[in-house]
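A short worksheet on the structure shown next.
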Amino acid sequence: MTGNEVRRRFIEYFANKGHSAQDSSSLVPHDDPTLLFTNAGMVQFKRLFMGEEQRDYSRAVTCQRCVRAGGKHNDLENVGYTARHHTFFEMLGNFSFGDYFKKEAIDYAWEFLTKELNLPP
């Protein structure tokens with residue numbers, strides 16, 4: 001299975017579960033002076049989580065472009081030494097804004113992996 005296929009199936013799966021598919025936001029957050037780069041999938045929803053903004057949906061799914069450039073979990077010294085450390089990557093994410101919580105998120109993740117992608121439990 002290609003990365004494109006995983007990405008497409010992830011977004012379709014969560015869209016079919018009532019999530020609004022949102023485009024990746026900019027790598028450079030224009031409205032957040034606390035960040036130089038977008039480093040996580042939730043960045044575009046930061047104001048929503050803080051209660052400073054409202055949207056017309058309560059669930060979202062994204063494939064967010066991210067840059068790792070340092071910070072709290074700085075592992076730049078590992079870039080290039082392992083297959084899982086990259087400076088530029090995409091983060092798949094499903095988000096709930098008060099609509100569901102951890103139990104349901106775990107159930108969705110389990111169903112996506114074991115039923116949608118047919119990975120062994």
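Convention: chains lettered A, B, ... in structure tokens order; per-chain residue numbering from 1; ligands numbered from 1 as shown.
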All strand (DSSP E) residues (DSSP, backbone) inside range 18-108 of chain A, as a VMD selection string: chain A and resid 20 to 22 59 to 67 88 to 96
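Near range 31-33 of chain A, within 12 Å and counting only C-alpha atoms, sit Ser25, Ser26, Leu27, Phe37, Thr38, Val43, Gln44, Phe45, Lys46 and Arg47 of chain A; same-chain residues fewer than 4 positions away were not included.
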Gap from CA of Arg55 in chain A to CA of Pro29 in chain A - Å, one decimal: 18.3 Å
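CA of Glu111 in chain A to CA of Phe88 in chain A spans 28.0 Å [interatomic distance, one decimal].
The interatomic distance for the pair CA of Val28 in chain A and CA of Met42 in chain A works out to 13.7 Å.
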DSSP alpha helix (DSSP H) residues within range 18-54 of chain A, as a count of residues only: 4
For range 12-20 of chain A: contacts at 12 Å, only C-alpha atoms, fewer than 5 positions along chain excluded, given as an mmCIF file with C-alpha atoms, in the first residue's frame:
```
data_model
loop_
_atom_site.group_PDB
_atom_site.id
_atom_site.type_symbol
_atom_site.label_atom_id
_atom_site.label_comp_id
_atom_site.auth_asym_id
_atom_site.auth_seq_id
_atom_site.Cartn_x
_atom_site.Cartn_y
_atom_site.Cartn_z
ATOM 1 C CA GLU A 5 -3.416 5.193 -0.548
ATOM 2 C CA VAL A 6 -3.097 5.333 3.262
ATOM 3 C CA ARG A 7 -3.667 9.098 3.207
ATOM 4 C CA ARG A 55 -16.422 26.668 13.250
ATOM 5 C CA ASP A 56 -19.454 25.137 11.572
ATOM 6 C CA TYR A 57 -18.248 21.590 12.286
ATOM 7 C CA SER A 58 -17.402 19.677 15.461
ATOM 8 C CA ARG A 59 -15.180 17.014 13.864
ATOM 9 C CA ALA A 60 -12.302 17.380 11.415
ATOM 10 C CA VAL A 61 -9.825 15.192 9.547
ATOM 11 C CA THR A 62 -6.590 16.468 8.019
ATOM 12 C CA CYS A 63 -3.315 15.550 6.423
ATOM 13 C CA LEU A 92 -2.728 12.488 9.634
ATOM 14 C CA GLY A 93 -5.186 13.618 12.268
ATOM 15 C CA ASN A 94 -8.787 13.246 13.333
ATOM 16 C CA PHE A 95 -10.111 15.857 15.715
ATOM 17 C CA SER A 96 -13.177 16.318 17.871
ATOM 18 C CA PHE A 97 -14.126 19.666 19.321
ATOM 19 C CA ASP A 99 -18.154 15.946 20.093
ATOM 20 C CA TYR A 100 -16.378 12.756 21.212
ATOM 21 C CA GLU A 104 -14.403 6.979 20.820
ATOM 22 C CA ALA A 105 -11.069 8.153 19.351
ATOM 23 C CA ASP A 107 -12.462 2.920 18.840
ATOM 24 C CA TYR A 108 -12.143 4.849 15.549
ATOM 25 C CA ALA A 109 -8.385 4.245 15.385
ATOM 26 C CA GLU A 111 -11.517 0.146 13.470
ATOM 27 C CA PHE A 112 -9.491 2.079 10.887
ATOM 28 C CA LEU A 113 -6.399 -0.075 11.396
ATOM 29 C CA LYS A 115 -11.099 -3.196 9.521
ATOM 30 C CA GLU A 116 -10.311 -0.499 6.960
ATOM 31 C CA LEU A 117 -6.608 -1.333 6.462
#
```
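Candidate residues A:Ile11, A:Leu35, A:Ala21, A:Met50 were compared for distance to Gly98 in chain A, and the nearest is A:Met50, using only C-alpha atoms.
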